[in-house]
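S.K.: The structure file input_9.pdb (PDB, C-alpha atoms) is provided below.
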```
ATOM      1  CA  MET A 244     -12.009  -2.025  10.418
ATOM      2  CA  LYS A 245      -9.190  -4.255   9.131
ATOM      3  CA  LEU A 246      -6.972  -3.287  12.079
ATOM      4  CA  ASN A 247      -9.796  -3.996  14.543
ATOM      5  CA  LYS A 248     -10.476  -7.482  13.248
ATOM      6  CA  TRP A 249      -6.812  -8.465  13.561
ATOM      7  CA  PHE A 250      -6.699  -7.025  17.090
ATOM      8  CA  TYR A 251      -9.765  -9.069  18.022
ATOM      9  CA  LEU A 252      -8.279 -12.177  16.414
ATOM     10  CA  ILE A 253      -4.982 -11.891  18.315
ATOM     11  CA  SER A 254      -6.774 -11.169  21.617
ATOM     12  CA  LEU A 255      -8.977 -14.215  21.179
ATOM     13  CA  SER A 256      -5.960 -16.347  20.296
ATOM     14  CA  VAL A 257      -4.315 -15.531  23.632
ATOM     15  CA  ILE A 258      -7.520 -15.874  25.670
ATOM     16  CA  TRP A 259      -8.880 -19.053  24.097
ATOM     17  CA  GLY A 260      -5.413 -20.540  23.704
ATOM     18  CA  SER A 261      -5.124 -20.384  27.501
ATOM     19  CA  SER A 262      -8.652 -21.707  28.097
ATOM     20  CA  PHE A 263      -7.754 -25.348  27.482
ATOM     21  CA  ILE A 264      -5.150 -25.462  30.230
ATOM     22  CA  LEU A 265      -7.601 -23.700  32.585
ATOM     23  CA  ILE A 266     -10.168 -26.428  31.868
ATOM     24  CA  LYS A 267      -7.550 -29.055  32.655
ATOM     25  CA  LYS A 268      -6.600 -27.372  35.946
ATOM     26  CA  SER A 269     -10.253 -26.934  36.931
ATOM     27  CA  LEU A 270     -10.876 -30.658  36.478
ATOM     28  CA  ILE A 271      -8.372 -31.464  39.233
ATOM     29  CA  GLY A 272     -10.977 -30.645  41.878
ATOM     30  CA  LEU A 273     -14.243 -30.636  39.933
ATOM     31  CA  GLU A 274     -16.276 -33.079  37.880
ATOM     32  CA  ALA A 275     -16.837 -32.272  34.209
ATOM     33  CA  SER A 276     -20.540 -31.496  34.735
ATOM     34  CA  GLN A 277     -19.694 -29.155  37.612
ATOM     35  CA  LEU A 278     -17.033 -27.390  35.571
ATOM     36  CA  GLY A 279     -19.331 -26.898  32.585
ATOM     37  CA  SER A 280     -22.242 -25.590  34.632
ATOM     38  CA  LEU A 281     -20.138 -23.318  36.854
ATOM     39  CA  ARG A 282     -18.403 -21.875  33.808
ATOM     40  CA  ILE A 283     -21.777 -20.826  32.409
ATOM     41  CA  ILE A 284     -23.131 -19.599  35.768
ATOM     42  CA  PHE A 285     -20.071 -17.447  36.523
ATOM     43  CA  SER A 286     -20.022 -16.059  32.977
ATOM     44  CA  SER A 287     -23.731 -15.222  33.139
ATOM     45  CA  LEU A 288     -23.388 -13.350  36.421
ATOM     46  CA  ILE A 289     -20.417 -11.370  35.119
ATOM     47  CA  ILE A 290     -22.263 -10.388  31.940
ATOM     48  CA  PHE A 291     -25.514  -9.527  33.758
ATOM     49  CA  ILE A 292     -23.747  -7.253  36.257
ATOM     50  CA  PHE A 293     -22.435  -5.005  33.498
ATOM     51  CA  ALA A 294     -24.935  -5.320  30.663
ATOM     52  CA  TRP A 295     -28.283  -6.788  31.774
ATOM     53  CA  LYS A 296     -30.220  -3.901  30.150
ATOM     54  CA  LYS A 297     -29.118  -5.132  26.725
ATOM     55  CA  ILE A 298     -31.725  -7.866  26.999
ATOM     56  CA  TYR A 299     -34.371  -5.275  26.077
ATOM     57  CA  ASP A 300     -32.696  -4.802  22.671
ATOM     58  CA  ILE A 301     -33.751  -8.317  21.644
ATOM     59  CA  LYS A 302     -37.117  -8.578  19.930
ATOM     60  CA  LEU A 303     -39.427 -11.512  20.582
ATOM     61  CA  ILE A 304     -38.998 -12.826  17.036
ATOM     62  CA  GLU A 305     -35.197 -12.868  17.461
ATOM     63  CA  TRP A 306     -35.200 -15.079  20.562
ATOM     64  CA  LYS A 307     -35.502 -18.265  18.514
ATOM     65  CA  TRP A 308     -32.093 -17.722  16.916
ATOM     66  CA  ILE A 309     -30.602 -16.383  20.155
ATOM     67  CA  VAL A 310     -31.567 -19.575  22.000
ATOM     68  CA  ILE A 311     -30.352 -21.869  19.207
ATOM     69  CA  SER A 312     -27.081 -19.950  18.955
ATOM     70  CA  ALA A 313     -26.647 -20.004  22.751
ATOM     71  CA  PHE A 314     -26.924 -23.776  23.043
ATOM     72  CA  LEU A 315     -24.758 -24.452  19.989
ATOM     73  CA  GLY A 316     -22.009 -21.940  20.747
ATOM     74  CA  SER A 317     -21.928 -21.818  24.558
ATOM     75  CA  PHE A 318     -23.966 -24.422  26.434
ATOM     76  CA  PHE A 319     -23.032 -27.752  24.829
ATOM     77  CA  PRO A 320     -19.340 -26.858  24.207
ATOM     78  CA  ALA A 321     -18.848 -25.925  27.878
ATOM     79  CA  PHE A 322     -19.709 -29.496  28.860
ATOM     80  CA  LEU A 323     -18.267 -31.348  25.867
ATOM     81  CA  PHE A 324     -14.812 -29.808  26.294
ATOM     82  CA  ALA A 325     -14.860 -30.541  30.020
ATOM     83  CA  PHE A 326     -15.680 -34.221  29.436
ATOM     84  CA  ALA A 327     -13.152 -34.462  26.572
ATOM     85  CA  GLU A 328     -10.279 -33.184  28.704
ATOM     86  CA  THR A 329     -10.914 -35.830  31.334
ATOM     87  CA  GLU A 330      -9.269 -38.208  28.833
ATOM     88  CA  ILE A 331      -7.158 -36.221  26.331
ATOM     89  CA  ASP A 332      -4.493 -33.523  26.730
ATOM     90  CA  SER A 333      -5.459 -29.850  26.630
ATOM     91  CA  SER A 334      -3.136 -29.134  23.690
ATOM     92  CA  VAL A 335      -4.635 -31.991  21.658
ATOM     93  CA  ALA A 336      -8.162 -30.712  22.340
ATOM     94  CA  SER A 337      -7.116 -27.284  21.091
ATOM     95  CA  ILE A 338      -5.559 -28.666  17.919
ATOM     96  CA  ILE A 339      -8.613 -30.771  17.059
ATOM     97  CA  ASN A 340     -10.786 -27.721  17.692
ATOM     98  CA  SER A 341      -8.841 -25.925  14.944
ATOM     99  CA  ILE A 342     -10.927 -27.702  12.297
ATOM    100  CA  VAL A 343     -13.784 -25.268  13.025
ATOM    101  CA  PRO A 344     -13.063 -23.229   9.840
ATOM    102  CA  LEU A 345     -13.303 -26.439   7.795
ATOM    103  CA  ASN A 346     -16.684 -27.252   9.289
ATOM    104  CA  THR A 347     -17.790 -23.631   8.899
ATOM    105  CA  LEU A 348     -17.213 -23.966   5.172
ATOM    106  CA  ILE A 349     -18.903 -27.386   4.965
ATOM    107  CA  LEU A 350     -22.024 -26.257   6.821
ATOM    108  CA  GLY A 351     -22.063 -22.920   5.026
ATOM    109  CA  MET A 352     -22.021 -24.748   1.700
ATOM    110  CA  ILE A 353     -24.613 -27.397   2.616
ATOM    111  CA  ILE A 354     -27.054 -25.432   4.776
ATOM    112  CA  PHE A 355     -26.514 -21.780   3.929
ATOM    113  CA  LYS A 356     -25.711 -22.239   0.205
ATOM    114  CA  VAL A 357     -22.319 -20.510   0.389
ATOM    115  CA  LYS A 358     -20.350 -20.990  -2.830
ATOM    116  CA  THR A 359     -17.063 -22.871  -2.602
ATOM    117  CA  THR A 360     -14.030 -23.624  -4.767
ATOM    118  CA  LYS A 361     -12.069 -26.753  -5.599
ATOM    119  CA  ARG A 362      -9.152 -25.422  -3.535
ATOM    120  CA  GLN A 363     -11.379 -25.102  -0.483
ATOM    121  CA  VAL A 364     -12.657 -28.660  -0.889
ATOM    122  CA  ILE A 365      -9.046 -29.866  -1.051
ATOM    123  CA  GLY A 366      -8.346 -27.837   2.092
ATOM    124  CA  VAL A 367     -11.158 -29.591   3.943
ATOM    125  CA  LEU A 368      -9.832 -33.018   2.943
ATOM    126  CA  VAL A 369      -6.273 -32.083   3.948
ATOM    127  CA  GLY A 370      -7.477 -30.717   7.291
ATOM    128  CA  PHE A 371      -9.422 -33.824   8.190
ATOM    129  CA  PHE A 372      -6.502 -36.030   7.141
ATOM    130  CA  GLY A 373      -4.335 -34.027   9.548
ATOM    131  CA  THR A 374      -6.935 -34.569  12.279
ATOM    132  CA  TYR A 375      -6.780 -38.325  11.657
ATOM    133  CA  LEU A 376      -2.964 -38.235  11.906
ATOM    134  CA  LEU A 377      -3.148 -36.232  15.135
ATOM    135  CA  ILE A 378      -5.530 -38.671  16.818
ATOM    136  CA  THR A 379      -3.659 -41.824  15.742
ATOM    137  CA  SER A 380      -0.263 -40.419  16.739
ATOM    138  CA  GLY A 381      -1.748 -39.279  20.061
ATOM    139  CA  MET A 382      -2.899 -42.829  20.757
ATOM    140  CA  LYS A 383       0.700 -44.002  20.409
ATOM    141  CA  VAL A 384       2.202 -41.236  22.556
ATOM    142  CA  ASN A 385      -0.482 -41.531  25.271
ATOM    143  CA  PRO A 386      -1.769 -45.145  25.215
ATOM    144  CA  ASP A 387      -3.364 -44.642  28.632
ATOM    145  CA  GLN A 388      -5.716 -41.955  27.290
ATOM    146  CA  ASN A 389      -9.063 -42.694  25.649
ATOM    147  CA  TYR A 390      -8.906 -40.901  22.297
ATOM    148  CA  TYR A 391     -12.530 -41.706  21.530
ATOM    149  CA  TYR A 392     -13.157 -38.607  23.645
ATOM    150  CA  ALA A 393     -11.581 -36.605  20.820
ATOM    151  CA  GLY A 394     -14.913 -37.133  19.095
ATOM    152  CA  LEU A 395     -16.471 -34.741  21.616
ATOM    153  CA  VAL A 396     -14.125 -31.991  20.436
ATOM    154  CA  ILE A 397     -14.922 -32.777  16.795
ATOM    155  CA  LEU A 398     -18.623 -32.488  17.655
ATOM    156  CA  CYS A 399     -17.907 -29.124  19.298
ATOM    157  CA  SER A 400     -16.184 -27.908  16.145
ATOM    158  CA  PHE A 401     -19.358 -28.603  14.160
ATOM    159  CA  LEU A 402     -21.495 -26.816  16.766
ATOM    160  CA  TYR A 403     -19.191 -23.781  16.683
ATOM    161  CA  ALA A 404     -19.238 -23.753  12.891
ATOM    162  CA  LEU A 405     -23.031 -23.865  12.776
ATOM    163  CA  ASN A 406     -23.225 -21.109  15.381
ATOM    164  CA  VAL A 407     -20.924 -18.820  13.388
ATOM    165  CA  ASN A 408     -23.114 -19.142  10.299
ATOM    166  CA  ILE A 409     -26.304 -18.559  12.310
ATOM    167  CA  ILE A 410     -24.977 -15.372  13.916
ATOM    168  CA  LYS A 411     -23.740 -14.079  10.573
ATOM    169  CA  LYS A 412     -27.043 -14.749   8.798
ATOM    170  CA  TYR A 413     -29.732 -14.099  11.431
ATOM    171  CA  LEU A 414     -28.222 -11.954  14.218
ATOM    172  CA  GLN A 415     -25.875  -9.674  12.296
ATOM    173  CA  HIS A 416     -27.957  -6.579  13.109
ATOM    174  CA  LEU A 417     -27.588  -7.008  16.881
ATOM    175  CA  SER A 418     -24.569  -5.738  18.825
ATOM    176  CA  ALA A 419     -22.031  -8.270  20.055
ATOM    177  CA  LEU A 420     -22.854  -7.443  23.679
ATOM    178  CA  THR A 421     -26.593  -7.854  23.086
ATOM    179  CA  ILE A 422     -26.059 -11.296  21.541
ATOM    180  CA  THR A 423     -23.862 -12.324  24.461
ATOM    181  CA  VAL A 424     -26.424 -11.194  27.060
ATOM    182  CA  GLY A 425     -29.122 -13.070  25.152
ATOM    183  CA  HIS A 426     -26.994 -16.209  25.065
ATOM    184  CA  PHE A 427     -26.446 -16.389  28.801
ATOM    185  CA  THR A 428     -30.033 -15.436  29.573
ATOM    186  CA  ALA A 429     -31.073 -18.507  27.594
ATOM    187  CA  ILE A 430     -28.683 -20.987  29.220
ATOM    188  CA  ILE A 431     -28.127 -19.915  32.834
ATOM    189  CA  ILE A 432     -31.172 -21.788  34.197
ATOM    190  CA  PRO A 433     -30.331 -25.136  32.493
ATOM    191  CA  ALA A 434     -26.734 -24.761  33.699
ATOM    192  CA  PHE A 435     -27.904 -24.051  37.250
ATOM    193  CA  LEU A 436     -30.145 -27.130  37.235
ATOM    194  CA  ILE A 437     -27.275 -29.328  36.060
ATOM    195  CA  PHE A 438     -25.069 -27.963  38.845
ATOM    196  CA  LEU A 439     -27.773 -28.689  41.445
ATOM    197  CA  PHE A 440     -27.958 -32.316  40.324
ATOM    198  CA  SER A 441     -24.159 -32.701  40.067
ATOM    199  CA  ASP A 442     -23.917 -33.578  43.774
ATOM    200  CA  PHE A 443     -21.446 -30.799  44.581
ATOM    201  CA  GLN A 444     -20.658 -30.858  48.298
ATOM    202  CA  PHE A 445     -20.302 -27.334  49.696
ATOM    203  CA  ASP A 446     -18.382 -28.754  52.648
ATOM    204  CA  SER A 447     -15.619 -29.523  50.141
ATOM    205  CA  LEU A 448     -14.880 -25.778  49.908
ATOM    206  CA  ARG A 449     -12.587 -26.321  52.889
ATOM    207  CA  ASN A 450     -10.345 -28.296  50.553
ATOM    208  CA  PRO A 451      -7.692 -25.971  49.000
ATOM    209  CA  VAL A 452      -7.681 -28.097  45.827
ATOM    210  CA  ILE A 453     -11.406 -27.456  45.319
ATOM    211  CA  ARG A 454     -10.989 -23.749  46.012
ATOM    212  CA  MET A 455      -8.146 -23.526  43.501
ATOM    213  CA  SER A 456     -10.249 -25.289  40.880
ATOM    214  CA  LEU A 457     -13.050 -22.776  41.458
ATOM    215  CA  ILE A 458     -10.585 -19.924  40.953
ATOM    216  CA  TYR A 459      -9.519 -21.469  37.648
ATOM    217  CA  VAL A 460     -13.173 -21.770  36.602
ATOM    218  CA  PHE A 461     -13.808 -18.122  37.479
ATOM    219  CA  ILE A 462     -10.804 -16.979  35.430
ATOM    220  CA  LEU A 463     -12.013 -19.195  32.589
ATOM    221  CA  ALA A 464     -15.515 -17.711  32.849
ATOM    222  CA  LEU A 465     -14.334 -14.098  33.053
ATOM    223  CA  PHE A 466     -11.869 -14.186  30.171
ATOM    224  CA  GLY A 467     -12.403 -17.405  28.223
ATOM    225  CA  THR A 468     -16.201 -17.145  28.099
ATOM    226  CA  ALA A 469     -17.693 -13.733  29.003
ATOM    227  CA  LEU A 470     -15.064 -11.395  27.537
ATOM    228  CA  ALA A 471     -14.143 -13.749  24.690
ATOM    229  CA  LYS A 472     -17.785 -14.148  23.604
ATOM    230  CA  ILE A 473     -18.163 -10.377  23.248
ATOM    231  CA  ILE A 474     -14.928 -10.110  21.259
ATOM    232  CA  PHE A 475     -15.837 -13.102  19.086
ATOM    233  CA  ASN A 476     -19.300 -11.760  18.298
ATOM    234  CA  LYS A 477     -17.711  -8.434  17.331
ATOM    235  CA  LEU A 478     -15.258 -10.284  15.094
ATOM    236  CA  ILE A 479     -18.073 -12.152  13.339
ATOM    237  CA  LYS A 480     -19.855  -8.864  12.636
ATOM    238  CA  ILE A 481     -16.870  -7.165  10.963
ATOM    239  CA  SER A 482     -15.425 -10.162   9.072
ATOM    240  CA  SER A 483     -16.484 -13.345   7.299
ATOM    241  CA  PRO A 484     -17.523 -16.506   9.196
ATOM    242  CA  VAL A 485     -14.409 -18.351   7.978
ATOM    243  CA  PHE A 486     -12.064 -15.540   9.075
ATOM    244  CA  ALA A 487     -13.741 -15.346  12.490
ATOM    245  CA  SER A 488     -13.468 -19.101  13.024
ATOM    246  CA  SER A 489      -9.784 -19.049  11.983
ATOM    247  CA  VAL A 490      -9.000 -18.028  15.565
ATOM    248  CA  THR A 491      -9.084 -21.738  16.318
ATOM    249  CA  TYR A 492      -5.730 -22.290  14.617
ATOM    250  CA  SER A 493      -4.068 -18.970  15.465
ATOM    251  CA  MET A 494      -4.446 -19.864  19.149
ATOM    252  CA  LEU A 495      -2.642 -23.184  18.733
ATOM    253  CA  VAL A 496       0.753 -21.720  19.618
ATOM    254  CA  ILE A 497      -0.577 -20.564  22.987
ATOM    255  CA  SER A 498      -2.375 -23.820  23.835
ATOM    256  CA  ILE A 499       0.567 -26.022  22.798
ATOM    257  CA  PHE A 500       2.916 -23.824  24.832
ATOM    258  CA  TRP A 501       0.788 -24.214  27.984
ATOM    259  CA  GLY A 502       0.490 -27.949  27.389
ATOM    260  CA  ILE A 503       4.250 -28.423  27.152
ATOM    261  CA  VAL A 504       4.815 -26.232  30.240
ATOM    262  CA  ASP A 505       2.357 -28.465  32.116
ATOM    263  CA  GLY A 506       4.252 -31.599  31.118
ATOM    264  CA  GLU A 507       2.033 -32.907  28.314
ATOM    265  CA  LYS A 508       3.712 -35.189  25.785
ATOM    266  CA  PHE A 509       3.852 -33.770  22.266
ATOM    267  CA  SER A 510       5.602 -35.820  19.591
ATOM    268  CA  LEU A 511       7.083 -34.873  16.213
ATOM    269  CA  ASN A 512       4.264 -36.757  14.482
ATOM    270  CA  GLN A 513       1.715 -34.669  16.349
ATOM    271  CA  LEU A 514       3.532 -31.510  15.281
ATOM    272  CA  ILE A 515       3.456 -32.686  11.646
ATOM    273  CA  ALA A 516      -0.255 -33.482  11.964
ATOM    274  CA  THR A 517      -0.863 -29.994  13.360
ATOM    275  CA  ALA A 518       0.961 -28.471  10.385
ATOM    276  CA  VAL A 519      -1.201 -30.530   7.994
ATOM    277  CA  ILE A 520      -4.365 -29.260   9.695
ATOM    278  CA  ILE A 521      -3.165 -25.654   9.450
ATOM    279  CA  ILE A 522      -2.359 -26.096   5.749
ATOM    280  CA  GLY A 523      -5.875 -27.424   5.213
ATOM    281  CA  VAL A 524      -7.398 -24.451   7.012
ATOM    282  CA  ILE A 525      -5.256 -21.980   5.053
ATOM    283  CA  LEU A 526      -6.390 -23.557   1.763
ATOM    284  CA  THR A 527      -9.990 -23.378   2.956
ATOM    285  CA  ASN A 528      -9.630 -19.714   3.890
ATOM    286  CA  LYS A 529      -7.860 -18.738   0.671
ATOM    287  CA  LYS A 530     -10.934 -17.630  -1.236
ATOM    288  CA  ASN A 531     -11.906 -15.075   1.404
ATOM    289  CA  ASN A 532      -8.573 -13.333   1.832
ATOM    290  CA  SER A 533      -9.371 -10.517  -0.558
ATOM    291  CA  ARG A 534     -12.683  -9.809   1.151
ATOM    292  CA  ASN A 535     -11.583 -10.089   4.752
TER     293      ASN A 535
END
```
Kindly present the structure from the file in structure tokens form.
M.R.:
Amino acid sequence: MKLNKWFYLISLSVIWGSSFILIKKSLIGLEASQLGSLRIIFSSLIIFIFAWKKIYDIKLIEWKWIVISAFLGSFFPAFLFAFAETEIDSSVASIINSIVPLNTLILGMIIFKVKTTKRQVIGVLVGFFGTYLLITSGMKVNPDQNYYYAGLVILCSFLYALNVNIIKKYLQHLSALTITVGHFTAIIIPAFLIFLFSDFQFDSLRNPVIRMSLIYVFILALFGTALAKIIFNKLIKISSPVFASSVTYSMLVISIFWGIVDGEKFSLNQLIATAVIIIGVILTNKKNNSRN
């Protein structure tokens, strides 16, 4: 069990660490609303092809939490990240997203009555101070970018954190694949409607830039959404919510690497801010080490 959870964590780190650069590349030829909706549509079709029968494992009473979890953990983030990366670098979006474990603890304490320690509270404060440093230093390095869009990533981190706690408390008894099928069953129609109203011109498929963007979206959907959701749901089931959400800082190395390769500016101050965030997350996660 312990070996499995670390395997899942490392796999997710590589997959999700590469997702941010794929979002950036997809936005070259697509609008943010088109990217978000196509990501969900492609992921849904992939999941349904291989596991549509799993939908029968979901009882009527469980659909409430499946739908809530789907919108919090899949639907809204797909669009929020796409809009965020129209203004901020992919590596910065990934780093800000690493505060998910901090928000998991905050929401777990406030909503789900999870006990916390003074060290964890300090970790939360340190992590958010690091986030503030990252955003302010990013404004100096990239004055042409609108860092108010970083707020969309912060909002995503809260949605992810809430979703982790919901799955752990209300959907623990369902298999990871069943939860994933339920998620995309709940959100494929809204995503399809958004795509229809996004004014996508099918004549533009003659443009190689558009076609390349669609390929990036498909890769993102296959690995970064469909496969990753199954792995993540498995990870939640065999570990604590805080450990599962810690993937958001273990994937930083991958996302920063891709950002630098793609020519994104990354200053020493941003690196220091990233280290401060990681320290905060480690302090937050400290209590659970013996149980994870």
S.K.: Could you expand the PyMOL selection byres ((chain A and resi 513) around 12) into the explicit residues it covers here, written as a VMD selection string?
M.R.: chain A and resid 334 to 335 338 to 339 373 to 385 499 508 to 512 514 to 520
S.K.: Please write the residues picked by the PyMOL selection byres ((chain A and resi 269) around 10) on this file as a list in words.
M.R.: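 So the PyMOL selection byres ((chain A and resi 269) around 10) ends up selecting Phe263, Ile264, Leu265, Ile266, Lys267, Lys268, Leu270, Ile271, Gly272, Leu273, Glu274, Ala275, Gln277, Leu278, Ala325, Val452, Ile453, Arg454, Met455, Ser456, Leu457, Ile458, Tyr459, Val460, Phe461 and Leu463 of chain A.
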S.K.: Written as number ranges by chain, which residues does the PyMOL selection byres ((chain A and resi 305) around 12) give for the file shown?
M.R.: A: 298-304, 306-312, 409-410, 413-417, 421-422, 425-426
S.K.: Around the point (-21.4, -8.2, 30.8) (coordinates from the file), which residues reach within 9 Å if we count only C-alpha atoms? Answer as a PyMOL selection string.
M.R.: chain A and resi 286-295+420+423-424+469-470+473
S.K.: Taking into account only C-alpha atoms, which residue in the set A:Leu398, A:Ser333, A:Trp259, A:Leu465 is nearest to Gly506 of chain A?
M.R.: A:Ser333
S.K.: Excluding segment 362-370 of chain A and its own-chain neighbours fewer than 5 positions away, which residues fall within 6 Å of it when counting only C-alpha atoms? Please give them as a PyMOL selection string.
M.R.: chain A and resi 345+520+523+526-527
S.K.: Of the candidates A:Phe427, A:Phe326, A:Phe371, A:Phe440, which one gets nearest to Ala393 of chain A if we count all atoms listed in the file?
M.R.: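 Nearest candidate to Ala393 of chain A out of A:Phe427, A:Phe326, A:Phe371, A:Phe440: A:Phe326.
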S.K.: Can you work out which one of A:Ser483, A:Asn406, A:Ser262, A:Thr329 has the shortest atom-to-atom distance to Lys248 of chain A, counting all atoms listed in the file?
M.R.: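 Result for the nearest residue to Lys248 of chain A: A:Ser483.
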S.K.: What's around Leu246 of chain A at 12 Å? Count all atoms listed in the file, leave out sequence neighbours fewer than 6 positions away in its own chain, and write the answer as a PyMOL selection string.
M.R.: chain A and resi 252-253+478+481-482+535
S.K.: Please write out, as JSON, where the centre of an axis-aligned box around all listed atoms of segment 268-272 of chain A lies and how long its edges are, in Å to one decimal, after adding 4 Å on each side.
M.R.:
```
{"center_x": -8.8, "center_y": -29.2, "center_z": 38.9, "size_x": 12.4, "size_y": 12.5, "size_z": 13.9}
```
S.K.: Rank A:Ala487, A:Ile397, A:Leu350, A:Ile522 by their smallest atom-to-atom distance to Ser337 of chain A, using all atoms listed in the file, and report the top residue only.
M.R.: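 Closest to Ser337 of chain A, using all atoms listed in the file: A:Ile397.
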